[in-house]
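J.: target-v8.tsv is reproduced in full below (TSV, C-alpha atoms).
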```tsv
chain	number	residue	atom	x	y	z
Q	1	MET	CA	-61.29	0.08	18.48
Q	2	GLU	CA	-57.72	-0.32	17.27
Q	3	ARG	CA	-55.63	-3.29	18.43
Q	4	LYS	CA	-51.86	-3.03	18.74
Q	5	TYR	CA	-49.04	-4.93	20.42
Q	6	ILE	CA	-46.23	-3.55	22.57
Q	7	SER	CA	-43.39	-5.47	24.18
Q	8	ARG	CA	-42.46	-4.95	27.82
Q	9	ASN	CA	-39.15	-3.37	26.86
Q	10	SER	CA	-40.83	-1.01	24.40
Q	11	LEU	CA	-43.39	-0.03	27.01
Q	12	THR	CA	-40.61	0.79	29.47
Q	13	ASP	CA	-38.81	2.83	26.81
Q	14	CYS	CA	-42.05	4.65	25.99
Q	15	LEU	CA	-42.64	5.61	29.63
Q	16	LYS	CA	-39.04	6.77	29.94
Q	17	LYS	CA	-39.48	8.95	26.87
Q	18	ILE	CA	-42.54	10.56	28.43
Q	19	GLN	CA	-40.48	11.45	31.48
Q	20	THR	CA	-37.57	12.84	29.46
Q	21	GLU	CA	-40.11	15.11	27.75
Q	22	GLY	CA	-41.19	16.43	31.14
Q	23	GLY	CA	-44.38	14.38	31.41
Q	24	SER	CA	-45.75	13.26	34.77
Q	25	ILE	CA	-46.69	9.63	35.41
Q	26	TYR	CA	-48.98	8.46	38.23
Q	27	ALA	CA	-48.47	4.73	38.78
Q	28	PRO	CA	-48.42	1.91	41.36
Q	29	VAL	CA	-45.35	1.97	43.60
Q	30	SER	CA	-44.43	-0.42	46.43
Q	31	ARG	CA	-43.17	1.30	49.56
Q	32	SER	CA	-42.82	-0.19	53.04
Q	33	GLY	CA	-44.78	-3.27	52.07
Q	34	GLN	CA	-47.73	-1.33	50.63
Q	35	THR	CA	-48.55	-0.68	46.97
Q	36	ASP	CA	-50.22	2.62	46.14
Q	37	PHE	CA	-50.41	5.20	43.37
Q	38	HIS	CA	-47.78	7.95	43.35
Q	39	VAL	CA	-46.32	10.43	40.91
Q	40	ILE	CA	-43.11	8.60	40.09
Q	41	LYS	CA	-39.61	9.99	39.76
Q	42	SER	CA	-38.31	6.99	37.81
Q	43	VAL	CA	-39.98	4.35	35.64
Q	44	ASP	CA	-38.06	1.76	37.66
Q	45	GLU	CA	-40.34	2.53	40.63
Q	46	ILE	CA	-43.42	1.12	38.88
Q	47	THR	CA	-44.69	-2.23	40.10
Q	48	THR	CA	-47.21	-4.44	38.30
Q	49	GLY	CA	-46.97	-7.66	40.31
Q	50	HIS	CA	-49.77	-6.82	42.75
Q	51	ILE	CA	-53.38	-7.97	42.59
Q	52	GLN	CA	-54.67	-4.64	43.87
Q	53	THR	CA	-53.27	-1.39	45.23
Q	54	THR	CA	-54.29	-0.48	48.78
Q	55	ARG	CA	-56.08	2.68	47.67
Q	56	SER	CA	-57.69	3.47	44.35
Q	57	ALA	CA	-56.48	6.02	41.82
Q	58	LYS	CA	-59.34	8.45	42.54
Q	59	ALA	CA	-57.01	10.86	44.37
Q	60	VAL	CA	-55.62	11.96	41.00
Q	61	VAL	CA	-58.98	13.65	40.26
Q	62	PHE	CA	-60.36	13.99	43.80
Q	63	PRO	CA	-57.38	14.74	46.09
Q	64	CYS	CA	-57.51	13.94	49.81
Q	65	THR	CA	-57.30	17.68	50.48
Q	66	GLU	CA	-57.65	20.50	47.97
Q	67	LYS	CA	-57.88	24.29	48.24
Q	68	LEU	CA	-61.12	25.56	46.70
Q	69	PHE	CA	-60.39	29.26	47.18
Q	70	SER	CA	-58.47	31.63	49.42
Q	71	TYR	CA	-59.22	35.09	50.77
Q	72	LYS	CA	-57.53	38.08	52.34
Q	73	LYS	CA	-59.17	40.83	54.39
Q	74	GLU	CA	-57.98	44.35	53.61
Q	75	LYS	CA	-59.62	47.13	55.67
Q	76	ASN	CA	-63.31	47.02	54.68
Q	77	ASP	CA	-62.83	44.71	51.74
Q	78	VAL	CA	-62.25	40.99	51.21
Q	79	LYS	CA	-60.24	39.85	48.20
Q	80	LEU	CA	-60.95	36.36	46.89
Q	81	GLN	CA	-58.59	34.16	44.94
Q	82	ASP	CA	-60.75	31.58	43.16
Q	83	TYR	CA	-59.71	28.01	42.34
Q	84	ASN	CA	-56.72	28.25	40.00
Q	85	PRO	CA	-56.37	25.31	37.57
Q	86	ASP	CA	-53.09	26.79	36.30
Q	87	GLU	CA	-51.46	25.47	39.48
Q	88	LEU	CA	-52.21	21.89	38.38
Q	89	LEU	CA	-49.96	19.67	36.28
Q	90	SER	CA	-50.73	20.35	32.63
Q	91	GLU	CA	-50.96	16.67	31.63
Q	92	ILE	CA	-50.55	13.46	33.58
Q	93	LEU	CA	-50.46	9.82	32.50
Q	94	VAL	CA	-52.24	7.50	34.90
Q	95	PHE	CA	-50.63	4.11	34.29
Q	96	GLY	CA	-51.33	0.70	35.78
Q	97	THR	CA	-54.88	1.10	37.00
Q	98	HIS	CA	-57.01	-2.04	36.79
Q	99	PRO	CA	-60.41	-1.99	35.02
Q	100	CYS	CA	-62.21	-1.65	38.37
Q	101	ASP	CA	-60.34	1.63	38.94
Q	102	ALA	CA	-60.96	2.95	35.43
Q	103	VAL	CA	-64.69	2.14	35.68
Q	104	GLY	CA	-64.78	4.09	38.96
Q	105	PHE	CA	-64.16	7.40	37.21
Q	106	GLY	CA	-67.65	7.10	35.68
Q	107	PRO	CA	-69.59	7.14	38.98
Q	108	LEU	CA	-67.23	9.81	40.35
Q	109	GLY	CA	-67.90	12.02	37.34
Q	110	GLY	CA	-71.64	11.46	37.79
Q	111	ILE	CA	-71.49	12.51	41.45
Q	112	PHE	CA	-69.47	15.66	40.77
Q	113	ASN	CA	-71.61	16.73	37.81
Q	114	TRP	CA	-75.15	15.55	38.46
Q	115	ASP	CA	-76.53	19.01	39.32
Q	116	THR	CA	-73.72	21.59	39.22
Q	117	GLU	CA	-70.49	20.86	37.37
Q	118	ASP	CA	-67.57	20.66	39.77
Q	119	LYS	CA	-64.70	22.73	38.37
Q	120	PRO	CA	-61.82	21.15	40.37
Q	121	TYR	CA	-62.88	17.59	39.52
Q	122	ASN	CA	-63.34	18.35	35.83
Q	123	GLU	CA	-60.04	20.22	35.57
Q	124	HIS	CA	-58.23	17.19	37.00
Q	125	ARG	CA	-60.15	14.75	34.82
Q	126	ARG	CA	-59.47	16.70	31.64
Q	127	ARG	CA	-55.73	16.51	32.22
Q	128	ILE	CA	-55.34	12.75	32.69
Q	129	THR	CA	-54.91	9.89	30.23
Q	130	LEU	CA	-55.75	6.43	31.60
Q	131	ILE	CA	-53.67	3.44	30.52
Q	132	THR	CA	-55.14	0.44	32.27
Q	133	LEU	CA	-53.78	-3.08	32.83
Q	134	ALA	CA	-56.26	-5.94	32.45
Q	135	CYS	CA	-56.29	-8.52	35.23
Q	136	THR	CA	-54.65	-11.92	34.90
Q	137	ARG	CA	-54.84	-12.62	38.65
Q	138	CYS	CA	-57.42	-12.14	41.37
Q	139	ASP	CA	-58.09	-13.04	44.99
Q	140	GLU	CA	-61.15	-13.96	47.04
Q	141	TYR	CA	-62.16	-10.31	47.45
Q	142	CYS	CA	-62.53	-9.52	43.73
Q	143	PHE	CA	-66.11	-9.46	42.43
Q	144	CYS	CA	-66.10	-7.11	39.42
Q	145	THR	CA	-68.10	-9.59	37.31
Q	146	SER	CA	-70.96	-9.32	39.82
Q	147	VAL	CA	-71.38	-5.58	39.16
Q	148	ASN	CA	-71.47	-5.76	35.34
Q	149	SER	CA	-67.72	-5.30	34.85
Q	150	GLY	CA	-64.85	-7.71	34.30
Q	151	PRO	CA	-61.07	-8.21	34.29
Q	152	GLY	CA	-60.82	-7.03	30.67
Q	153	ASN	CA	-63.44	-4.28	30.73
Q	154	THR	CA	-62.43	-1.27	28.61
Q	155	GLU	CA	-64.97	1.16	30.11
Q	156	GLY	CA	-63.28	4.26	31.52
Q	157	SER	CA	-59.87	3.47	30.01
Q	158	ASP	CA	-58.28	5.42	27.20
Q	159	ILE	CA	-56.01	2.45	26.42
Q	160	LEU	CA	-56.30	-1.05	27.87
Q	161	LEU	CA	-53.20	-3.24	28.01
Q	162	THR	CA	-53.65	-6.98	28.47
Q	163	PRO	CA	-50.51	-8.95	29.44
Q	164	VAL	CA	-50.06	-11.65	26.79
Q	165	LYS	CA	-47.39	-14.22	26.08
Q	166	ASP	CA	-44.35	-13.65	28.30
Q	167	ASP	CA	-43.02	-10.38	27.08
Q	168	GLY	CA	-45.71	-7.99	25.96
Q	169	TYR	CA	-49.21	-6.55	25.92
Q	170	LEU	CA	-52.17	-6.47	23.62
Q	171	ALA	CA	-53.18	-2.80	23.44
Q	172	GLU	CA	-56.78	-1.73	22.80
Q	173	ILE	CA	-57.10	1.96	21.96
Q	174	VAL	CA	-60.51	2.85	23.33
Q	175	THR	CA	-61.10	6.62	23.26
Q	176	ASP	CA	-60.20	9.67	21.19
Q	177	LYS	CA	-57.82	10.69	23.95
Q	178	GLY	CA	-56.18	7.27	23.70
Q	179	SER	CA	-55.84	7.74	19.93
Q	180	GLU	CA	-54.17	11.11	20.40
Q	181	TRP	CA	-51.73	9.56	22.87
Q	182	TYR	CA	-51.03	6.71	20.44
Q	183	LYS	CA	-50.27	9.19	17.65
Q	184	LYS	CA	-47.46	10.62	19.78
Q	185	TYR	CA	-45.97	7.28	20.84
Q	186	GLY	CA	-47.12	4.87	18.13
Q	187	SER	CA	-43.52	4.11	17.11
Q	188	PHE	CA	-43.21	1.90	20.21
Q	189	PHE	CA	-46.11	-0.32	19.08
Q	190	GLU	CA	-46.53	-3.04	16.47
Q	191	GLU	CA	-49.54	-4.49	14.71
Q	192	ALA	CA	-51.30	-7.07	16.88
Q	193	PRO	CA	-51.43	-10.62	15.49
Q	194	GLU	CA	-54.95	-11.56	14.41
Q	195	ASN	CA	-54.85	-14.77	16.46
Q	196	LEU	CA	-54.03	-12.88	19.68
Q	197	HIS	CA	-57.15	-12.78	21.88
Q	198	LYS	CA	-57.14	-11.19	25.33
Q	199	GLU	CA	-59.80	-13.59	26.63
Q	200	ASP	CA	-57.18	-16.36	26.57
Q	201	TYR	CA	-55.15	-14.49	29.21
Q	202	LEU	CA	-57.75	-12.90	31.49
Q	203	VAL	CA	-58.45	-14.33	34.93
Q	204	GLU	CA	-61.85	-15.95	35.49
Q	205	ILE	CA	-63.79	-14.25	38.29
Q	206	PRO	CA	-67.01	-16.03	39.30
Q	207	VAL	CA	-70.25	-14.09	39.64
Q	208	LYS	CA	-71.19	-14.04	43.33
Q	209	PHE	CA	-74.66	-12.45	43.23
Q	210	ASN	CA	-77.33	-11.09	40.91
Q	211	LEU	CA	-76.90	-7.31	40.83
Q	212	GLU	CA	-80.48	-6.53	39.80
Q	213	GLU	CA	-81.87	-8.60	42.67
Q	214	VAL	CA	-79.51	-6.98	45.17
Q	215	CYS	CA	-80.42	-3.45	44.06
Q	216	THR	CA	-84.13	-4.29	44.33
Q	217	LYS	CA	-83.74	-5.85	47.79
Q	218	VAL	CA	-81.64	-2.98	49.15
Q	219	THR	CA	-84.18	-0.46	47.86
Q	220	ASP	CA	-87.25	-2.26	49.19
Q	221	MET	CA	-85.89	-3.27	52.61
Q	222	PHE	CA	-85.20	0.08	54.25
Q	223	GLU	CA	-86.51	-1.11	57.65
Q	224	SER	CA	-85.01	-4.60	57.52
Q	225	ASP	CA	-83.27	-6.09	60.57
Q	226	LEU	CA	-80.44	-7.14	58.27
Q	227	TRP	CA	-78.91	-3.63	58.41
Q	228	ARG	CA	-78.40	-4.02	62.15
Q	229	LEU	CA	-77.13	-7.59	61.87
Q	230	GLN	CA	-74.56	-6.69	59.23
Q	231	SER	CA	-73.34	-3.56	61.02
Q	232	GLU	CA	-72.77	-5.08	64.46
Q	233	ARG	CA	-69.01	-5.36	63.85
Q	234	CYS	CA	-68.62	-1.98	62.14
Q	235	ILE	CA	-66.51	0.48	64.16
Q	236	GLY	CA	-67.09	3.44	61.84
Q	237	CYS	CA	-63.41	3.89	61.01
Q	238	GLY	CA	-64.03	5.02	57.40
Q	239	ALA	CA	-61.30	2.82	55.90
Q	240	CYS	CA	-63.76	1.43	53.36
Q	241	ALA	CA	-64.60	4.91	52.05
Q	242	TYR	CA	-60.99	6.04	51.84
Q	243	VAL	CA	-59.86	3.11	49.69
Q	244	CYS	CA	-63.00	3.03	47.50
Q	245	PRO	CA	-62.78	4.18	43.84
Q	246	THR	CA	-66.25	5.77	43.92
Q	247	CYS	CA	-66.81	7.16	47.43
Q	248	ALA	CA	-66.99	10.95	47.16
Q	249	CYS	CA	-68.12	12.21	50.57
Q	250	PHE	CA	-66.26	15.36	51.55
Q	251	ASP	CA	-66.18	18.11	54.15
Q	252	ILE	CA	-65.18	21.74	53.64
Q	253	GLN	CA	-63.03	23.21	56.36
Q	254	GLU	CA	-61.62	26.65	57.09
Q	255	TYR	CA	-57.89	27.20	57.37
Q	256	ALA	CA	-57.37	30.75	58.63
Q	257	ARG	CA	-54.52	32.79	60.03
Q	258	GLY	CA	-55.08	36.40	60.96
Q	259	THR	CA	-56.63	38.25	58.04
Q	260	SER	CA	-56.20	35.51	55.43
Q	261	GLY	CA	-57.37	31.96	54.96
Q	262	SER	CA	-58.56	29.22	52.65
Q	263	ARG	CA	-61.47	26.85	52.22
Q	264	ILE	CA	-60.23	23.27	51.96
Q	265	ARG	CA	-62.17	20.30	50.60
Q	266	CYS	CA	-61.14	17.06	52.30
Q	267	TRP	CA	-62.28	13.46	52.23
Q	268	ASP	CA	-65.02	12.44	54.63
Q	269	SER	CA	-67.24	9.38	55.10
Q	270	CYS	CA	-70.93	8.78	55.67
Q	271	GLY	CA	-69.79	6.03	58.05
Q	272	PHE	CA	-68.48	8.59	60.55
Q	273	ALA	CA	-70.72	9.43	63.50
Q	274	LEU	CA	-70.06	13.16	63.03
Q	275	PHE	CA	-70.90	13.18	59.32
Q	276	THR	CA	-74.57	14.05	59.81
Q	277	LEU	CA	-74.35	15.69	63.25
Q	278	HIS	CA	-76.27	18.99	63.27
Q	279	THR	CA	-75.18	22.09	65.16
Q	280	SER	CA	-78.25	21.61	67.34
Q	281	GLY	CA	-76.89	18.27	68.49
Q	282	HIS	CA	-79.46	16.26	66.54
Q	283	ASN	CA	-78.11	13.45	64.38
Q	284	PRO	CA	-80.52	11.95	61.80
Q	285	ARG	CA	-78.32	8.84	61.57
Q	286	PRO	CA	-77.26	8.26	65.19
Q	287	ASN	CA	-76.64	4.49	64.91
Q	288	GLN	CA	-73.96	2.64	62.97
Q	289	SER	CA	-76.63	0.44	61.38
Q	290	GLN	CA	-78.20	3.55	59.84
Q	291	ARG	CA	-74.83	4.71	58.56
Q	292	TRP	CA	-74.13	1.27	57.09
Q	293	ARG	CA	-77.56	1.38	55.43
Q	294	GLN	CA	-76.78	4.80	53.96
Q	295	ARG	CA	-73.49	3.55	52.48
Q	296	LEU	CA	-75.06	0.56	50.72
Q	297	MET	CA	-78.21	2.36	49.64
Q	298	HIS	CA	-76.15	5.17	48.15
Q	299	LYS	CA	-74.19	2.70	46.04
Q	300	PHE	CA	-76.96	0.26	45.12
Q	301	SER	CA	-80.14	2.34	45.18
Q	302	TYR	CA	-79.65	6.13	45.10
Q	303	MET	CA	-76.88	6.21	42.48
Q	304	PRO	CA	-78.61	3.73	40.11
Q	305	ASP	CA	-81.80	5.78	40.44
Q	306	ARG	CA	-80.21	9.22	40.05
Q	307	LEU	CA	-77.18	8.54	37.84
Q	308	SER	CA	-78.06	5.21	36.19
Q	309	VAL	CA	-74.81	3.71	37.48
Q	310	VAL	CA	-73.94	1.42	40.40
Q	311	GLY	CA	-71.59	3.01	42.91
Q	312	CYS	CA	-69.42	-0.11	43.28
Q	313	THR	CA	-66.80	-1.52	40.90
Q	314	GLY	CA	-66.19	-4.84	42.66
Q	315	CYS	CA	-62.53	-4.07	43.42
Q	316	GLY	CA	-62.81	-5.57	46.94
Q	317	ARG	CA	-60.64	-2.90	48.56
Q	318	CYS	CA	-63.17	-2.17	51.30
Q	319	SER	CA	-63.14	-5.81	52.39
Q	320	ARG	CA	-59.35	-6.03	52.32
Q	321	ALA	CA	-58.99	-2.82	54.34
Q	322	CYS	CA	-61.70	-3.51	56.94
Q	323	PRO	CA	-60.09	-4.09	60.38
Q	324	VAL	CA	-63.09	-6.16	61.54
Q	325	ASP	CA	-63.39	-8.31	58.40
Q	326	MET	CA	-66.67	-6.99	56.98
Q	327	ASN	CA	-66.77	-8.51	53.50
Q	328	LEU	CA	-68.96	-6.50	51.11
Q	329	SER	CA	-69.56	-9.25	48.55
Q	330	GLU	CA	-70.67	-11.61	51.33
Q	331	HIS	CA	-73.05	-8.96	52.64
Q	332	LEU	CA	-74.50	-8.44	49.16
Q	333	GLN	CA	-75.00	-12.18	48.80
Q	334	MET	CA	-76.92	-12.07	52.09
Q	335	TRP	CA	-79.23	-9.43	50.64
Q	336	GLN	CA	-79.98	-11.57	47.61
Q	337	GLU	CA	-80.88	-14.52	49.84
Q	338	TYR	CA	-82.74	-12.54	52.54
Q	339	ASP	CA	-86.56	-12.59	52.52
Q	340	ASN	CA	-87.52	-11.10	55.87
Q	341	VAL	CA	-88.78	-7.59	55.17
Q	342	LYS	CA	-89.62	-5.64	58.30
Q	343	MET	CA	-92.20	-2.97	57.43
```
Translate the structure described by the file into structure tokens.

T.:
Amino acid sequence: MERKYISRNSLTDCLKKIQTEGGSIYAPVSRSGQTDFHVIKSVDEITTGHIQTTRSAKAVVFPCTEKLFSYKKEKNDVKLQDYNPDELLSEILVFGTHPCDAVGFGPLGGIFNWDTEDKPYNEHRRRITLITLACTRCDEYCFCTSVNSGPGNTEGSDILLTPVKDDGYLAEIVTDKGSEWYKKYGSFFEEAPENLHKEDYLVEIPVKFNLEEVCTKVTDMFESDLWRLQSERCIGCGACAYVCPTCACFDIQEYARGTSGSRIRCWDSCGFALFTLHTSGHNPRPNQSQRWRQRLMHKFSYMPDRLSVVGCTGCGRCSRACPVDMNLSEHLQMWQEYDNVKM
């Protein structure tokens, strides 16, 4: 892993050069009091002073809505227009994610490729380069260290930038894609001083629970009363799923007019009452406690078992976004401490 140094001014100049060359940059932008990822028009729009964006960066590879294919009926024939990756941006730089966002692309990729490879997801993923900012600040909702990550984790990033000193970043070039990007823009970087260590600048985030114990408890306590106790406040709004870096539930809907139409993939949530409703009227998960159980078991039991990865990055977005103050890390601590197994 190569280590380099880049000043703040040089980084700004580098991003401006990318834009003058016609490159697209997806970065955090503050609008109307909310910070979220957008394709920027100007480098001056980028903000880095936040602890966390409201939503994750997953929409760059898994858009809120996306056309899978379209069709047109002509007499006795139907003509299909398959998913067209040529309509996508050729290359896009994703700048300013935190390590908890970058790590999230791993579970997402596992979900979209575990049995059949998902063409739309993989086309998006192939086109992006991830330049991540390590964390020097946190709040009470952050718990990345409890899920085997950390504020300086390089996993998922192509290049990790750690803010150091007052005017620059230590750059760690992690992947081959990061190396290719550095070859194009290496003139903006300098050699990193040997005595410059990112650990001196990273925020300390305490471990709140033992992940292995939590995964075991969640798996073994399917009939526990704790599911009902924890879900009593849940209103099934889906906010937690929509801000999460790893939630990948989706619905496919028909958009049709006359003899033509499209199939659209759009975000959904296993926390919605309609998510598992059958045409017959039967719902295998009719209660919110069962839907809450499904959400946690998917992240801490089914995904570790099927994909060998936990479906949570400890970003804390779900807890920040919850309108009834359901705090995920507190709930996970309850599982670690809970001994009453109802069989």

J.: If you count all atoms listed in the file, which residues fall within 12 Å of segment 162-164 of chain Q, apart from same-chain ones fewer than 3 positions away, as a ChimeraX atom specification?

T.: /Q:3-8,11,48-49,96-99,131-137,151-154,159,167-173,192-193,195-203

J.: Within 12 Å of Asp115 of chain Q, counting all atoms listed in the file, which residues show up once you throw out same-chain ones fewer than 6 positions away? Write them as a PyMOL selection string, please.

T.: chain Q and resi 109+306-307

J.: List the spatial neighbours of Lys208 of chain Q as a compact mmCIF listing (two decimals) with C-alpha atoms, in the coordinates of the input - criterion: any atom at most 10 Å away, only C-alpha atoms, same-chain residues fewer than 2 positions off excluded.

T.:
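And here's selection-v2.txt as it stands now:
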```txt
# COMPACT_ATOMS: atom_id res chain seq x y z
CA CYS Q 142 -62.53 -9.52 43.73
CA PHE Q 143 -66.11 -9.46 42.43
CA CYS Q 144 -66.10 -7.11 39.42
CA THR Q 145 -68.10 -9.59 37.31
CA SER Q 146 -70.96 -9.32 39.82
CA VAL Q 147 -71.38 -5.58 39.16
CA ILE Q 205 -63.79 -14.25 38.29
CA PRO Q 206 -67.01 -16.03 39.30
CA ASN Q 210 -77.33 -11.09 40.91
CA LEU Q 211 -76.90 -7.31 40.83
CA SER Q 329 -69.56 -9.25 48.55
CA GLU Q 330 -70.67 -11.61 51.33
CA LEU Q 332 -74.50 -8.44 49.16
CA GLN Q 333 -75.00 -12.18 48.80
```

J.: Could you jot down the atom CA of Met326 of chain Q to atom CA of Cys64 of chain Q separation for me, Å, one decimal place?

T.: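 Going from atom CA of Met326 of chain Q over to atom CA of Cys64 of chain Q, I get 23.9 Å.
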
J.: When distances are computed from only C-alpha atoms, which of Q:Arg125, Q:Lys73, Q:His331, Q:Lys16 shows the smallest separation from Ala57 of chain Q?

T.: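 Smallest distance to Ala57 of chain Q is found for Q:Arg125.
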
J.: Would you mind telling me which residue in Q:Cys322, Q:Leu88, Q:Leu80, Q:Cys240 lies nearest to Ser262 of chain Q when using all atoms listed in the file?

T.: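 Closest to Ser262 of chain Q, using all atoms listed in the file: Q:Leu80.
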
J.: I'd like the neighbourhood of Lys41 of chain Q as a PDB file with C-alpha atoms, in the frame of the given file, where a residue qualifies if any of its atoms comes within 9 Å (using all atoms listed in the file), though same-chain residues fewer than 4 positions away should be ignored.

T.:
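Result went into around.pdb, see below:
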```pdb
ATOM      1  CA  GLN Q  19     -40.480  11.450  31.480  1.00  0.00           C
ATOM      2  CA  SER Q  24     -45.750  13.260  34.770  1.00  0.00           C
ATOM      3  CA  ILE Q  25     -46.690   9.630  35.410  1.00  0.00           C
ATOM      4  CA  GLU Q  45     -40.340   2.530  40.630  1.00  0.00           C
TER       5      GLU Q  45
END
```

J.: Between Q:Asp139, Q:Glu66, Q:Asp77, Q:Glu232, which one has atoms that come closest to Glu204 of chain Q, using only C-alpha atoms?

T.: Q:Asp139

J.: Of the residues Q:Gly271, Q:Pro286, Q:Pro85, Q:Gly150, which is the one nearest to Gly314 of chain Q, using all atoms listed in the file?

T.: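 The closest residue to Gly314 of chain Q is Q:Gly150.
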
J.: As a compact mmCIF listing (two decimals) with C-alpha atoms, in the coordinates of the input, please: the residues near Gln288 of chain Q (cut-off 12 Å, all atoms listed in the file, same-chain neighbours under 6 positions excluded).

T.:
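Listed below is the output, result_0.txt:
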```txt
# COMPACT_ATOMS: atom_id res chain seq x y z
CA TRP Q 227 -78.91 -3.63 58.41
CA ARG Q 228 -78.40 -4.02 62.15
CA LEU Q 229 -77.13 -7.59 61.87
CA GLN Q 230 -74.56 -6.69 59.23
CA SER Q 231 -73.34 -3.56 61.02
CA GLU Q 232 -72.77 -5.08 64.46
CA ARG Q 233 -69.01 -5.36 63.85
CA CYS Q 234 -68.62 -1.98 62.14
CA ILE Q 235 -66.51 0.48 64.16
CA GLY Q 236 -67.09 3.44 61.84
CA CYS Q 237 -63.41 3.89 61.01
CA GLY Q 238 -64.03 5.02 57.40
CA CYS Q 270 -70.93 8.78 55.67
CA GLY Q 271 -69.79 6.03 58.05
CA PHE Q 272 -68.48 8.59 60.55
CA ALA Q 273 -70.72 9.43 63.50
CA LEU Q 274 -70.06 13.16 63.03
CA PHE Q 275 -70.90 13.18 59.32
CA THR Q 276 -74.57 14.05 59.81
CA GLN Q 294 -76.78 4.80 53.96
CA ARG Q 295 -73.49 3.55 52.48
```

J.: Mind pulling up the distance from atom CA of Arg55 of chain Q to atom CA of Gln34 of chain Q?

T.: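 Going from atom CA of Gln34 of chain Q over to atom CA of Arg55 of chain Q covers 9.7 Å.
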
J.: Using all atoms listed in the file, give me every residue within 12 Å of (-79.8, 2.6, 44.3) in file coordinates, as a PyMOL selection string.

T.: chain Q and resi 211-222+293-312

J.: Generate a file of the selected residues that holds C-alpha atoms, formatted as a compact mmCIF listing (two decimals), in the coordinates of the input.

T.:
```txt
# COMPACT_ATOMS: atom_id res chain seq x y z
CA LEU Q 211 -76.90 -7.31 40.83
CA GLU Q 212 -80.48 -6.53 39.80
CA GLU Q 213 -81.87 -8.60 42.67
CA VAL Q 214 -79.51 -6.98 45.17
CA CYS Q 215 -80.42 -3.45 44.06
CA THR Q 216 -84.13 -4.29 44.33
CA LYS Q 217 -83.74 -5.85 47.79
CA VAL Q 218 -81.64 -2.98 49.15
CA THR Q 219 -84.18 -0.46 47.86
CA ASP Q 220 -87.25 -2.26 49.19
CA MET Q 221 -85.89 -3.27 52.61
CA PHE Q 222 -85.20 0.08 54.25
CA ARG Q 293 -77.56 1.38 55.43
CA GLN Q 294 -76.78 4.80 53.96
CA ARG Q 295 -73.49 3.55 52.48
CA LEU Q 296 -75.06 0.56 50.72
CA MET Q 297 -78.21 2.36 49.64
CA HIS Q 298 -76.15 5.17 48.15
CA LYS Q 299 -74.19 2.70 46.04
CA PHE Q 300 -76.96 0.26 45.12
CA SER Q 301 -80.14 2.34 45.18
CA TYR Q 302 -79.65 6.13 45.10
CA MET Q 303 -76.88 6.21 42.48
CA PRO Q 304 -78.61 3.73 40.11
CA ASP Q 305 -81.80 5.78 40.44
CA ARG Q 306 -80.21 9.22 40.05
CA LEU Q 307 -77.18 8.54 37.84
CA SER Q 308 -78.06 5.21 36.19
CA VAL Q 309 -74.81 3.71 37.48
CA VAL Q 310 -73.94 1.42 40.40
CA GLY Q 311 -71.59 3.01 42.91
CA CYS Q 312 -69.42 -0.11 43.28
```

J.: Please compute the atom CA of Asn84 of chain Q-atom CA of Ser70 of chain Q distance, one decimal, in Å.

T.: 10.2 Å

J.: Give the padded box for segment 127-145 of chain Q as JSON: axis-aligned, covering all atoms listed in the file, 6 Å on each side, centre and edge lengths in Å to one decimal.

T.:
```
{"center_x": -60.9, "center_y": 1.3, "center_z": 38.8, "size_x": 26.4, "size_y": 42.5, "size_z": 29.2}
```

J.: Using all atoms listed in the file, find the one residue out of Q:Ser224, Q:Ser187, Q:Ser260, Q:Asn113 that sits nearest to Tyr71 of chain Q.

T.: Q:Ser260

J.: Complete segment 315-323 of chain Q with N, CA and C atoms (output as a short mmCIF file (atom, residue, chain, number, x, y, z; two decimals), in the coordinates of the input).

T.:
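Writing done, so here's result.cif:
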```
data_model
loop_
_atom_site.label_atom_id
_atom_site.label_comp_id
_atom_site.auth_asym_id
_atom_site.auth_seq_id
_atom_site.Cartn_x
_atom_site.Cartn_y
_atom_site.Cartn_z
N CYS Q 315 -63.99 -3.96 43.24
CA CYS Q 315 -62.53 -4.07 43.42
C CYS Q 315 -62.15 -4.82 44.69
N GLY Q 316 -63.06 -4.84 45.69
CA GLY Q 316 -62.81 -5.57 46.94
C GLY Q 316 -61.93 -4.85 47.93
N ARG Q 317 -61.55 -3.61 47.64
CA ARG Q 317 -60.64 -2.90 48.56
C ARG Q 317 -61.25 -2.71 49.94
N CYS Q 318 -62.55 -2.41 50.00
CA CYS Q 318 -63.17 -2.17 51.30
C CYS Q 318 -63.06 -3.40 52.19
N SER Q 319 -63.22 -4.57 51.60
CA SER Q 319 -63.14 -5.81 52.39
C SER Q 319 -61.72 -6.09 52.82
N ARG Q 320 -60.75 -5.81 51.95
CA ARG Q 320 -59.35 -6.03 52.32
C ARG Q 320 -58.92 -5.08 53.44
N ALA Q 321 -59.44 -3.84 53.40
CA ALA Q 321 -58.99 -2.82 54.34
C ALA Q 321 -59.71 -2.88 55.67
N CYS Q 322 -60.87 -3.55 55.73
CA CYS Q 322 -61.70 -3.51 56.94
C CYS Q 322 -60.99 -4.19 58.11
N PRO Q 323 -60.80 -3.49 59.24
CA PRO Q 323 -60.09 -4.09 60.38
C PRO Q 323 -60.93 -5.11 61.13
#
```
